[in-house]
>>> print(open('structure_22.cif').read())   # mmCIF, C-alpha atoms
data_coords
#
loop_
_atom_site.group_PDB
_atom_site.id
_atom_site.type_symbol
_atom_site.label_atom_id
_atom_site.label_comp_id
_atom_site.auth_asym_id
_atom_site.auth_seq_id
_atom_site.Cartn_x
_atom_site.Cartn_y
_atom_site.Cartn_z
ATOM 1 C CA MET A 1085 -20.252 3.005 -64.003
ATOM 2 C CA GLU A 1086 -21.400 0.014 -61.947
ATOM 3 C CA SER A 1087 -18.301 -1.953 -62.973
ATOM 4 C CA ILE A 1088 -16.000 0.617 -61.362
ATOM 5 C CA PHE A 1089 -17.883 0.513 -58.068
ATOM 6 C CA ARG A 1090 -18.029 -3.282 -58.076
ATOM 7 C CA ALA A 1091 -14.295 -3.572 -58.805
ATOM 8 C CA ALA A 1092 -13.350 -0.921 -56.224
ATOM 9 C CA PHE A 1093 -15.525 -2.523 -53.551
ATOM 10 C CA MET A 1094 -14.111 -5.998 -54.210
ATOM 11 C CA TYR A 1095 -10.542 -4.627 -54.180
ATOM 12 C CA ILE A 1096 -11.069 -3.085 -50.742
ATOM 13 C CA PHE A 1097 -12.962 -6.110 -49.455
ATOM 14 C CA LEU A 1098 -10.293 -8.586 -50.641
ATOM 15 C CA MET A 1099 -7.515 -6.439 -49.218
ATOM 16 C CA PHE A 1100 -9.338 -6.348 -45.889
ATOM 17 C CA ILE A 1101 -10.108 -10.073 -45.811
ATOM 18 C CA ILE A 1102 -6.553 -11.088 -46.738
ATOM 19 C CA ARG A 1103 -5.235 -8.769 -44.020
ATOM 20 C CA ILE A 1104 -7.591 -10.361 -41.500
ATOM 21 C CA ALA A 1105 -6.427 -13.830 -42.575
ATOM 22 C CA GLY A 1106 -2.897 -12.890 -41.572
ATOM 23 C CA THR A 1107 0.496 -13.070 -43.196
ATOM 24 C CA ARG A 1108 0.968 -16.773 -42.498
ATOM 25 C CA THR A 1109 -1.848 -17.683 -44.886
ATOM 26 C CA LEU A 1110 0.129 -16.271 -47.770
ATOM 27 C CA SER A 1111 3.415 -17.970 -47.023
ATOM 28 C CA GLU A 1112 2.347 -21.383 -45.788
ATOM 29 C CA MET A 1113 -0.157 -22.322 -48.462
ATOM 30 C CA THR A 1114 -1.548 -25.823 -48.208
ATOM 31 C CA THR A 1115 -3.460 -27.585 -50.991
ATOM 32 C CA PHE A 1116 -6.699 -26.578 -49.292
ATOM 33 C CA ASP A 1117 -5.580 -22.925 -49.106
ATOM 34 C CA PHE A 1118 -4.841 -23.071 -52.825
ATOM 35 C CA ILE A 1119 -8.336 -24.414 -53.557
ATOM 36 C CA LEU A 1120 -9.789 -21.773 -51.244
ATOM 37 C CA LEU A 1121 -7.972 -19.058 -53.195
ATOM 38 C CA LEU A 1122 -9.363 -20.430 -56.457
ATOM 39 C CA VAL A 1123 -12.886 -20.384 -55.019
ATOM 40 C CA ILE A 1124 -12.380 -16.820 -53.737
ATOM 41 C CA GLY A 1125 -11.141 -15.823 -57.206
ATOM 42 C CA ASP A 1126 -14.149 -17.361 -58.897
ATOM 43 C CA ALA A 1127 -16.637 -15.804 -56.468
ATOM 44 C CA SER A 1128 -14.931 -12.413 -56.862
ATOM 45 C CA GLN A 1129 -15.023 -12.676 -60.637
ATOM 46 C CA GLN A 1130 -18.782 -13.266 -60.528
ATOM 47 C CA ALA A 1131 -19.283 -10.351 -58.157
ATOM 48 C CA ILE A 1132 -17.187 -8.019 -60.273
ATOM 49 C CA THR A 1133 -18.415 -8.844 -63.768
ATOM 50 C CA SER A 1134 -22.007 -9.767 -62.868
ATOM 51 C CA ASN A 1135 -23.483 -10.725 -66.265
ATOM 52 C CA ASP A 1136 -21.406 -8.283 -68.241
ATOM 53 C CA TYR A 1137 -18.863 -10.296 -70.227
ATOM 54 C CA SER A 1138 -18.019 -7.532 -72.699
ATOM 55 C CA VAL A 1139 -14.414 -6.638 -73.509
ATOM 56 C CA ILE A 1140 -14.929 -3.022 -72.428
ATOM 57 C CA ASN A 1141 -16.058 -4.201 -68.994
ATOM 58 C CA ALA A 1142 -12.868 -6.238 -68.576
ATOM 59 C CA VAL A 1143 -10.845 -3.173 -69.608
ATOM 60 C CA ILE A 1144 -12.673 -1.005 -67.061
ATOM 61 C CA VAL A 1145 -12.251 -3.541 -64.245
ATOM 62 C CA ILE A 1146 -8.530 -4.024 -64.936
ATOM 63 C CA MET A 1147 -7.933 -0.266 -65.122
ATOM 64 C CA THR A 1148 -9.813 0.228 -61.852
ATOM 65 C CA PHE A 1149 -7.679 -2.416 -60.120
ATOM 66 C CA ILE A 1150 -4.427 -0.991 -61.458
ATOM 67 C CA LEU A 1151 -5.314 2.582 -60.503
ATOM 68 C CA MET A 1152 -6.516 1.566 -57.044
ATOM 69 C CA ASP A 1153 -3.321 -0.383 -56.515
ATOM 70 C CA MET A 1154 -1.176 2.573 -57.560
ATOM 71 C CA LEU A 1155 -3.229 4.948 -55.445
ATOM 72 C CA LEU A 1156 -2.851 2.650 -52.455
ATOM 73 C CA ALA A 1157 0.910 2.375 -53.026
ATOM 74 C CA TYR A 1158 1.109 6.180 -53.081
ATOM 75 C CA VAL A 1159 -0.973 6.534 -49.894
ATOM 76 C CA LYS A 1160 1.139 3.865 -48.150
ATOM 77 C CA HIS A 1161 4.297 5.685 -49.224
ATOM 78 C CA LYS A 1162 2.983 8.981 -47.843
ATOM 79 C CA PHE A 1163 1.401 7.709 -44.621
ATOM 80 C CA GLU A 1164 3.331 5.174 -42.575
ATOM 81 C CA ARG A 1165 0.324 4.334 -40.401
ATOM 82 C CA VAL A 1166 -1.687 3.295 -43.431
ATOM 83 C CA GLU A 1167 1.182 1.138 -44.619
ATOM 84 C CA ARG A 1168 1.450 -0.510 -41.209
ATOM 85 C CA PHE A 1169 -2.294 -1.140 -41.128
ATOM 86 C CA ILE A 1170 -2.414 -2.633 -44.610
ATOM 87 C CA ASP A 1171 0.886 -4.478 -44.827
ATOM 88 C CA GLY A 1172 1.467 -5.097 -41.143
ATOM 89 C CA SER A 1173 4.962 -5.062 -39.654
ATOM 90 C CA PRO A 1174 7.638 -7.720 -39.053
ATOM 91 C CA VAL A 1175 7.244 -9.855 -35.931
ATOM 92 C CA ILE A 1176 10.341 -10.989 -34.016
ATOM 93 C CA LEU A 1177 9.701 -14.610 -33.073
ATOM 94 C CA ILE A 1178 13.161 -15.355 -31.686
ATOM 95 C CA ASN A 1179 14.948 -12.415 -30.151
ATOM 96 C CA ASN A 1180 18.629 -12.952 -29.393
ATOM 97 C CA GLY A 1181 18.099 -16.700 -29.078
ATOM 98 C CA LYS A 1182 14.977 -16.332 -26.909
ATOM 99 C CA LYS A 1183 11.647 -17.585 -28.250
ATOM 100 C CA ASN A 1184 8.636 -15.313 -27.892
ATOM 101 C CA LYS A 1185 5.962 -17.965 -27.387
ATOM 102 C CA LYS A 1186 3.125 -15.441 -27.141
ATOM 103 C CA LEU A 1187 3.884 -13.894 -30.540
ATOM 104 C CA MET A 1188 4.442 -17.313 -32.076
ATOM 105 C CA ASP A 1189 1.009 -18.415 -30.877
ATOM 106 C CA LYS A 1190 -0.588 -15.252 -32.248
ATOM 107 C CA ALA A 1191 1.062 -15.761 -35.629
ATOM 108 C CA CYS A 1192 0.266 -19.527 -35.548
ATOM 109 C CA ILE A 1193 3.946 -20.413 -35.958
ATOM 110 C CA GLU A 1194 5.185 -23.703 -34.565
ATOM 111 C CA ASP A 1195 8.745 -24.684 -33.681
ATOM 112 C CA ALA A 1196 8.620 -26.955 -36.709
ATOM 113 C CA ASP A 1197 8.005 -23.936 -38.982
ATOM 114 C CA LEU A 1198 11.036 -22.152 -37.540
ATOM 115 C CA LEU A 1199 13.187 -25.240 -37.950
ATOM 116 C CA GLU A 1200 11.989 -25.671 -41.531
ATOM 117 C CA ALA A 1201 12.925 -22.078 -42.346
ATOM 118 C CA ALA A 1202 16.253 -22.500 -40.544
ATOM 119 C CA ARG A 1203 17.060 -25.656 -42.514
ATOM 120 C CA LYS A 1204 16.012 -24.152 -45.845
ATOM 121 C CA LEU A 1205 17.692 -20.782 -45.481
ATOM 122 C CA LYS A 1206 20.764 -21.451 -43.379
ATOM 123 C CA GLY A 1207 21.130 -25.221 -43.174
ATOM 124 C CA LEU A 1208 20.745 -25.089 -39.384
ATOM 125 C CA GLU A 1209 19.909 -28.136 -37.333
ATOM 126 C CA ARG A 1210 18.586 -26.883 -33.989
ATOM 127 C CA LEU A 1211 16.570 -23.978 -32.612
ATOM 128 C CA GLU A 1212 19.477 -23.039 -30.313
ATOM 129 C CA GLN A 1213 21.515 -22.095 -33.385
ATOM 130 C CA ILE A 1214 19.059 -19.305 -34.268
ATOM 131 C CA LYS A 1215 19.819 -15.805 -33.042
ATOM 132 C CA TYR A 1216 16.853 -14.036 -34.660
ATOM 133 C CA ALA A 1217 13.761 -15.398 -36.408
ATOM 134 C CA ILE A 1218 11.526 -12.781 -37.967
ATOM 135 C CA LEU A 1219 8.121 -13.196 -39.545
ATOM 136 C CA GLU A 1220 8.309 -10.670 -42.377
ATOM 137 C CA LYS A 1221 5.436 -8.594 -43.795
ATOM 138 C CA ASN A 1222 5.105 -10.922 -46.797
ATOM 139 C CA GLY A 1223 4.675 -13.947 -44.508
ATOM 140 C CA GLU A 1224 8.181 -15.349 -44.975
ATOM 141 C CA ILE A 1225 10.383 -16.252 -42.026
ATOM 142 C CA THR A 1226 13.869 -14.754 -41.987
ATOM 143 C CA ILE A 1227 16.551 -16.535 -39.973
ATOM 144 C CA ILE A 1228 19.741 -14.979 -38.579
ATOM 145 C CA GLU A 1229 22.082 -17.545 -37.119
ATOM 146 C CA LYS A 1230 24.194 -17.137 -33.993
ATOM 147 C CA MET B 661 22.735 -1.848 -72.558
ATOM 148 C CA GLY B 662 25.092 -4.431 -71.097
ATOM 149 C CA LEU B 663 26.243 -5.584 -67.705
ATOM 150 C CA LYS B 664 27.900 -2.795 -65.755
ATOM 151 C CA LYS B 665 30.014 -2.815 -62.660
ATOM 152 C CA ILE B 666 29.096 -0.516 -59.802
ATOM 153 C CA GLY B 667 31.720 -1.113 -57.144
ATOM 154 C CA LYS B 668 31.803 -4.908 -56.818
ATOM 155 C CA LEU B 669 28.235 -5.260 -58.019
ATOM 156 C CA GLN B 670 27.716 -6.474 -61.564
ATOM 157 C CA ILE B 671 24.306 -5.323 -62.701
ATOM 158 C CA GLU B 672 22.262 -4.759 -65.821
ATOM 159 C CA GLU B 673 21.360 -1.140 -65.330
ATOM 160 C CA GLU B 674 19.740 1.434 -67.584
ATOM 161 C CA ALA B 675 21.139 4.927 -67.518
ATOM 162 C CA LEU B 676 18.840 7.491 -65.900
ATOM 163 C CA ASP B 677 18.275 9.361 -69.161
ATOM 164 C CA GLU B 678 17.072 6.094 -70.718
ATOM 165 C CA LYS B 679 14.539 5.592 -67.923
ATOM 166 C CA THR B 680 13.102 9.114 -67.984
ATOM 167 C CA PRO B 681 11.062 8.691 -71.217
ATOM 168 C CA PHE B 682 9.474 5.523 -69.794
ATOM 169 C CA TRP B 683 8.572 7.290 -66.562
ATOM 170 C CA TRP B 684 6.933 10.063 -68.573
ATOM 171 C CA THR B 685 5.043 7.530 -70.698
ATOM 172 C CA GLN B 686 3.917 5.806 -67.511
ATOM 173 C CA LYS B 687 2.630 9.084 -66.062
ATOM 174 C CA ILE B 688 0.787 10.034 -69.259
ATOM 175 C CA CYS B 689 -0.830 6.576 -69.415
ATOM 176 C CA LEU B 690 -1.930 6.877 -65.791
ATOM 177 C CA VAL B 691 -3.533 10.258 -66.474
ATOM 178 C CA LEU B 692 -5.280 8.846 -69.568
ATOM 179 C CA MET B 693 -6.519 5.839 -67.611
ATOM 180 C CA THR B 694 -7.873 8.101 -64.867
ATOM 181 C CA LEU B 695 -9.620 10.318 -67.423
ATOM 182 C CA PHE B 696 -11.092 7.262 -69.120
ATOM 183 C CA LEU B 697 -12.453 5.905 -65.829
ATOM 184 C CA ILE B 698 -13.931 9.321 -64.974
ATOM 185 C CA SER B 699 -15.675 9.367 -68.348
ATOM 186 C CA VAL B 700 -16.905 5.806 -67.664
ATOM 187 C CA LEU B 701 -18.399 7.098 -64.413
ATOM 188 C CA PHE B 702 -20.255 9.687 -66.454
ATOM 189 C CA GLY B 703 -21.545 6.992 -68.796
ATOM 190 C CA ILE B 704 -19.279 6.986 -71.840
ATOM 191 C CA THR B 705 -19.581 3.195 -71.968
ATOM 192 C CA GLY B 706 -23.274 3.099 -71.082
ATOM 193 C CA SER B 707 -25.782 3.914 -68.328
ATOM 194 C CA GLY B 708 -24.795 7.357 -67.092
ATOM 195 C CA LEU B 709 -25.279 11.072 -67.630
ATOM 196 C CA LEU B 710 -23.427 11.180 -70.940
ATOM 197 C CA SER B 711 -25.127 8.051 -72.209
ATOM 198 C CA HIS B 712 -28.811 8.857 -71.728
ATOM 199 C CA LYS B 713 -30.434 10.428 -74.707
ATOM 200 C CA THR B 714 -34.001 11.566 -75.253
ATOM 201 C CA VAL B 715 -35.512 12.266 -78.646
ATOM 202 C CA PHE B 716 -39.084 13.385 -79.163
ATOM 203 C CA SER B 717 -41.462 14.354 -81.904
ATOM 204 C CA SER B 718 -42.175 18.023 -82.640
ATOM 205 C CA ASP B 719 -45.483 17.845 -80.746
ATOM 206 C CA GLN B 720 -43.742 15.963 -77.912
ATOM 207 C CA HIS B 721 -46.377 13.206 -77.957
ATOM 208 C CA PHE B 722 -43.894 10.530 -78.925
ATOM 209 C CA LYS B 723 -40.704 10.258 -76.932
ATOM 210 C CA LEU B 724 -37.751 7.816 -76.943
ATOM 211 C CA VAL B 725 -35.316 7.487 -74.034
ATOM 212 C CA PHE B 726 -32.290 5.267 -74.660
ATOM 213 C CA ASP B 727 -28.568 4.821 -74.018
ATOM 214 C CA ARG B 728 -26.425 6.107 -76.868
ATOM 215 C CA PHE B 729 -23.578 3.851 -75.644
ATOM 216 C CA GLY B 730 -23.971 0.179 -74.908
ATOM 217 C CA ARG B 731 -21.944 -2.979 -74.516
ATOM 218 C CA ASN B 732 -21.987 -6.120 -76.574
ATOM 219 C CA THR B 733 -24.178 -8.879 -75.037
ATOM 220 C CA VAL B 734 -25.322 -6.582 -72.218
ATOM 221 C CA PRO B 735 -29.041 -5.692 -72.409
ATOM 222 C CA ASN B 736 -29.990 -2.029 -72.601
ATOM 223 C CA THR B 737 -33.424 -0.480 -72.366
ATOM 224 C CA ILE B 738 -35.341 1.719 -74.740
ATOM 225 C CA ASN B 739 -38.194 3.575 -73.142
ATOM 226 C CA ILE B 740 -41.033 4.716 -75.374
ATOM 227 C CA LEU B 741 -43.491 7.274 -74.093
ATOM 228 C CA VAL B 742 -46.693 7.990 -75.967
ATOM 229 C CA ASN B 743 -49.203 10.510 -74.682
ATOM 230 C CA GLN B 744 -52.390 12.291 -75.621
ATOM 231 C CA SER B 745 -53.349 9.778 -78.263
ATOM 232 C CA SER B 746 -57.055 9.026 -78.439
ATOM 233 C CA ASN B 747 -56.397 5.622 -80.008
ATOM 234 C CA ILE B 748 -57.104 2.490 -78.001
ATOM 235 C CA VAL B 749 -54.520 0.526 -79.965
ATOM 236 C CA ILE B 750 -51.199 2.014 -81.013
ATOM 237 C CA ASN B 751 -48.466 0.459 -83.061
ATOM 238 C CA ILE B 752 -44.756 0.974 -82.643
ATOM 239 C CA GLY B 753 -42.701 0.178 -85.729
ATOM 240 C CA ILE B 754 -39.004 -0.656 -85.522
ATOM 241 C CA ASN B 755 -37.006 -1.111 -88.680
ATOM 242 C CA LYS B 756 -35.465 -4.512 -89.273
ATOM 243 C CA SER B 757 -31.957 -3.206 -89.925
ATOM 244 C CA TYR B 758 -31.857 -1.969 -86.325
ATOM 245 C CA LEU B 759 -33.136 -5.225 -84.883
ATOM 246 C CA GLN B 760 -31.041 -7.579 -87.000
ATOM 247 C CA ASN B 761 -28.036 -7.378 -84.636
ATOM 248 C CA GLN B 762 -30.092 -7.353 -81.443
ATOM 249 C CA GLU B 763 -32.176 -9.783 -79.499
ATOM 250 C CA ILE B 764 -35.331 -8.493 -77.862
ATOM 251 C CA VAL B 765 -35.108 -9.762 -74.292
ATOM 252 C CA GLU B 766 -38.236 -8.187 -72.863
ATOM 253 C CA ILE B 767 -41.142 -5.999 -73.878
ATOM 254 C CA ALA B 768 -43.316 -4.448 -71.183
ATOM 255 C CA PRO B 769 -46.282 -4.284 -71.461
ATOM 256 C CA ARG B 770 -46.559 -7.261 -73.791
ATOM 257 C CA PRO B 771 -47.771 -6.352 -77.279
ATOM 258 C CA ILE B 772 -51.128 -7.780 -78.345
ATOM 259 C CA LYS B 773 -49.655 -8.697 -81.722
ATOM 260 C CA VAL B 774 -46.505 -8.334 -83.796
ATOM 261 C CA VAL B 775 -46.672 -7.903 -87.559
ATOM 262 C CA ASP B 776 -43.903 -8.220 -90.145
ATOM 263 C CA ALA B 777 -44.472 -5.161 -92.353
ATOM 264 C CA GLY B 778 -41.768 -5.132 -95.009
ATOM 265 C CA ASP B 779 -38.856 -3.071 -93.765
ATOM 266 C CA ARG B 780 -40.057 -3.045 -90.137
ATOM 267 C CA PHE B 781 -41.755 -4.986 -87.396
ATOM 268 C CA LYS B 782 -44.897 -3.474 -85.926
ATOM 269 C CA PHE B 783 -45.715 -4.043 -82.283
ATOM 270 C CA TYR B 784 -49.342 -3.378 -81.322
ATOM 271 C CA PHE B 785 -50.176 -2.254 -77.783
ATOM 272 C CA LEU B 786 -53.392 -1.519 -75.946
ATOM 273 C CA LYS B 787 -53.621 2.034 -74.634
ATOM 274 C CA THR B 788 -55.969 3.889 -72.318
ATOM 275 C CA PRO B 789 -57.029 6.983 -74.280
ATOM 276 C CA ASN B 790 -55.593 10.360 -73.223
ATOM 277 C CA THR B 791 -53.075 8.900 -70.804
ATOM 278 C CA THR B 792 -49.335 8.479 -71.156
ATOM 279 C CA THR B 793 -48.276 4.998 -72.158
ATOM 280 C CA ASP B 794 -44.856 3.807 -71.124
ATOM 281 C CA ILE B 795 -43.445 0.968 -73.224
ATOM 282 C CA LEU B 796 -40.144 -0.640 -72.401
ATOM 283 C CA PHE B 797 -37.991 -2.609 -74.836
ATOM 284 C CA LYS B 798 -35.025 -4.462 -73.402
ATOM 285 C CA VAL B 799 -32.629 -5.372 -76.191
ATOM 286 C CA LYS B 800 -29.380 -7.314 -76.107
ATOM 287 C CA PRO B 801 -26.824 -6.346 -78.779
ATOM 288 C CA GLU B 802 -25.250 -9.347 -80.449
ATOM 289 C CA ASN B 803 -22.656 -7.337 -82.284
ATOM 290 C CA MET B 804 -20.600 -4.205 -81.837
ATOM 291 C CA GLY B 805 -20.370 -0.918 -83.698
ATOM 292 C CA VAL B 806 -22.856 1.756 -84.703
ATOM 293 C CA PHE B 807 -26.528 0.741 -84.617
ATOM 294 C CA LYS B 808 -28.878 3.082 -86.419
ATOM 295 C CA GLY B 809 -32.609 2.707 -86.660
ATOM 296 C CA ASN B 810 -35.998 4.350 -86.673
ATOM 297 C CA PHE B 811 -38.969 4.012 -84.371
ATOM 298 C CA TYR B 812 -42.405 4.792 -85.786
ATOM 299 C CA LEU B 813 -45.641 5.630 -84.016
ATOM 300 C CA ASP B 814 -48.786 4.574 -85.898
ATOM 301 C CA ASP B 815 -46.848 4.655 -89.196
ATOM 302 C CA ASN B 816 -46.595 8.429 -89.329
ATOM 303 C CA VAL B 817 -44.324 9.887 -86.625
ATOM 304 C CA MET B 818 -40.700 8.748 -86.904
ATOM 305 C CA LEU B 819 -37.883 9.097 -84.378
ATOM 306 C CA PRO B 820 -34.267 8.095 -85.091
ATOM 307 C CA ILE B 821 -32.140 6.053 -82.715
ATOM 308 C CA ASN B 822 -28.361 5.991 -82.891
ATOM 309 C CA GLN B 823 -26.250 3.843 -80.601
ATOM 310 C CA TYR B 824 -22.626 2.842 -80.350
ATOM 311 C CA ILE B 825 -22.068 -0.628 -78.952
ATOM 312 C CA PHE B 826 -18.668 -1.295 -77.402
ATOM 313 C CA PRO B 827 -17.042 -4.705 -77.866
#
>>> encode(input="structure_22.cif", output="structure tokens")
Amino acid sequence: MESIFRAAFMYIFLMFIIRIAGTRTLSEMTTFDFILLLVIGDASQQAITSNDYSVINAVIVIMTFILMDMLLAYVKHKFERVERFIDGSPVILINNGKKNKKLMDKACIEDADLLEAARKLKGLERLEQIKYAILEKNGEITIIEK
Amino acid sequence: MGLKKIGKLQIEEEALDEKTPFWWTQKICLVLMTLFLISVLFGITGSGLLSHKTVFSSDQHFKLVFDRFGRNTVPNTINILVNQSSNIVINIGINKSYLQNQEIVEIAPRPIKVVDAGDRFKFYFLKTPNTTTDILFKVKPENMGVFKGNFYLDDNVMLPINQYIFP
């Protein structure tokens, strides 16, 4: 019984904390971020399993995670507000060739990040060549050239 | 199932009637998983309403409270209640076949002595006459499956214990 509550609590807590961290954390992962994720995983594992290393406990925890994930997907599908709260929404960083500095600062995106995405995705050389740059919900930057 | 062409798009696509059985299987599995987790909440894998079991002697002076479901390597408690005995020292016998797959992690209160008596171990405890004595055994299963055993009070009253330990 305790395993279900532990797993459910950690699922909600992790979802909340990752949301707070922002979308950029997921896309622009540095070596330190990777280590941080490993540490978070290890700490979560200890919190979820406690001292119960039985197979049945692992089964219960996995089932709880899967069901919570499916339930959340259903709720997000039914209620757009919930989806927007949990997944966020795309942010337009360059709108019709015009940079939105305020949004870029909020999302911690530098010009260099935009140029990197522009080079990778479209082979562009300068910021002026970008018509739209969008920070997507999954943390990736989409580039639409002029 | 091969590559199909839908307009200009070449795609490996299953026909809808091939997908339907999988969707049904998925739904059935989800329902089963939900039912399983509900039963876990009620204690089907230990510590809950369905798991707690109490057995007592006909005169109700000797009572055992334990979990009928447990988990391998996770300690569970067996509560022994003895009342209205005028003896100052009582002994609780537990047969060896029950203890052979378990490690005793804790006994509270501590027994004054433990004796190997053939098919069982006897644990001797001090008792205040005519009061209820509460003895707690914390045992850690080191195996899985059905664990059957008997608990004896002063070599004459016997209560059975039957547990299923999940892997």
>>> residues_around(input="structure_22.cif", residues="Ile1140 in chain A", least_positions_apart="5", cutoff="8 Å", atoms="only C-alpha atoms", output="number ranges by chain")
B: 705, 731, 826-827
>>> write_last_selection(input="structure_22.cif", atoms="C-alpha atoms", output="mmCIF file, in the frame of the given file")
data_model
loop_
_atom_site.group_PDB
_atom_site.id
_atom_site.type_symbol
_atom_site.label_atom_id
_atom_site.label_comp_id
_atom_site.auth_asym_id
_atom_site.auth_seq_id
_atom_site.Cartn_x
_atom_site.Cartn_y
_atom_site.Cartn_z
ATOM 1 C CA THR B 705 -19.581 3.195 -71.968
ATOM 2 C CA ARG B 731 -21.944 -2.979 -74.516
ATOM 3 C CA PHE B 826 -18.668 -1.295 -77.402
ATOM 4 C CA PRO B 827 -17.042 -4.705 -77.866
#
>>> atom_distance(input="structure_22.cif", atom1="CA of Glu1167 in chain A", atom2="CA of Cys1192 in chain A")
22.6 Å
>>> interface_residues(input="structure_22.cif", of="chain B", to="chain A", cutoff="8 Å", atoms="all atoms listed in the file", output="number ranges by chain")
B: 690, 693-694, 697, 700-703, 705-708, 731-734, 826-827
>>> resolve_selection(input="structure_22.cif", expression="the PyMOL selection byres ((chain B and resi 719-728) around 10)", output="ChimeraX atom specification")
/B:703-718,729-730,736-745,792-797,806-807,811-813,817-825
>>> atom_distance(input="structure_22.cif", atom1="CA of Phe785 in chain B", atom2="CA of Val799 in chain B")
17.9 Å
>>> closest_residue(input="structure_22.cif", among="A:Asp1153, A:Glu1229, A:Glu1164, A:Asp1171", to="Gly1207 in chain A", atoms="all atoms listed in the file")
A:Glu1229
>>> axis_aligned_box(input="structure_22.cif", around="range 723-729 of chain B", padding_each_side="6 Å", output="lines of an AutoDock Vina configuration file")
center_x = -32.1
center_y = 7.1
center_z = -75.5
size_x = 29.1
size_y = 18.4
size_z = 14.9
>>> resolve_selection(input="structure_22.cif", expression="the PyMOL selection byres ((chain A and resi 1218-1227) around 10)", output="NGL selection string")
:A and (1106-1112 or 1168 or 1170-1179 or 1187-1188 or 1191 or 1193 or 1197-1206 or 1208 or 1213-1217 or 1228-1230)
>>> closest_residue(input="structure_22.cif", among="B:Ala777, B:Ile666, B:Ile767, B:Leu759", to="Asn810 in chain B", atoms="only C-alpha atoms")
B:Leu759
>>> resolve_selection(input="structure_22.cif", expression="the PyMOL selection byres ((chain A and resi 1092-1101) around 8)", output="ChimeraX atom specification")
/A:1088-1091,1102-1105,1128,1131-1132,1148-1149,1152,1170
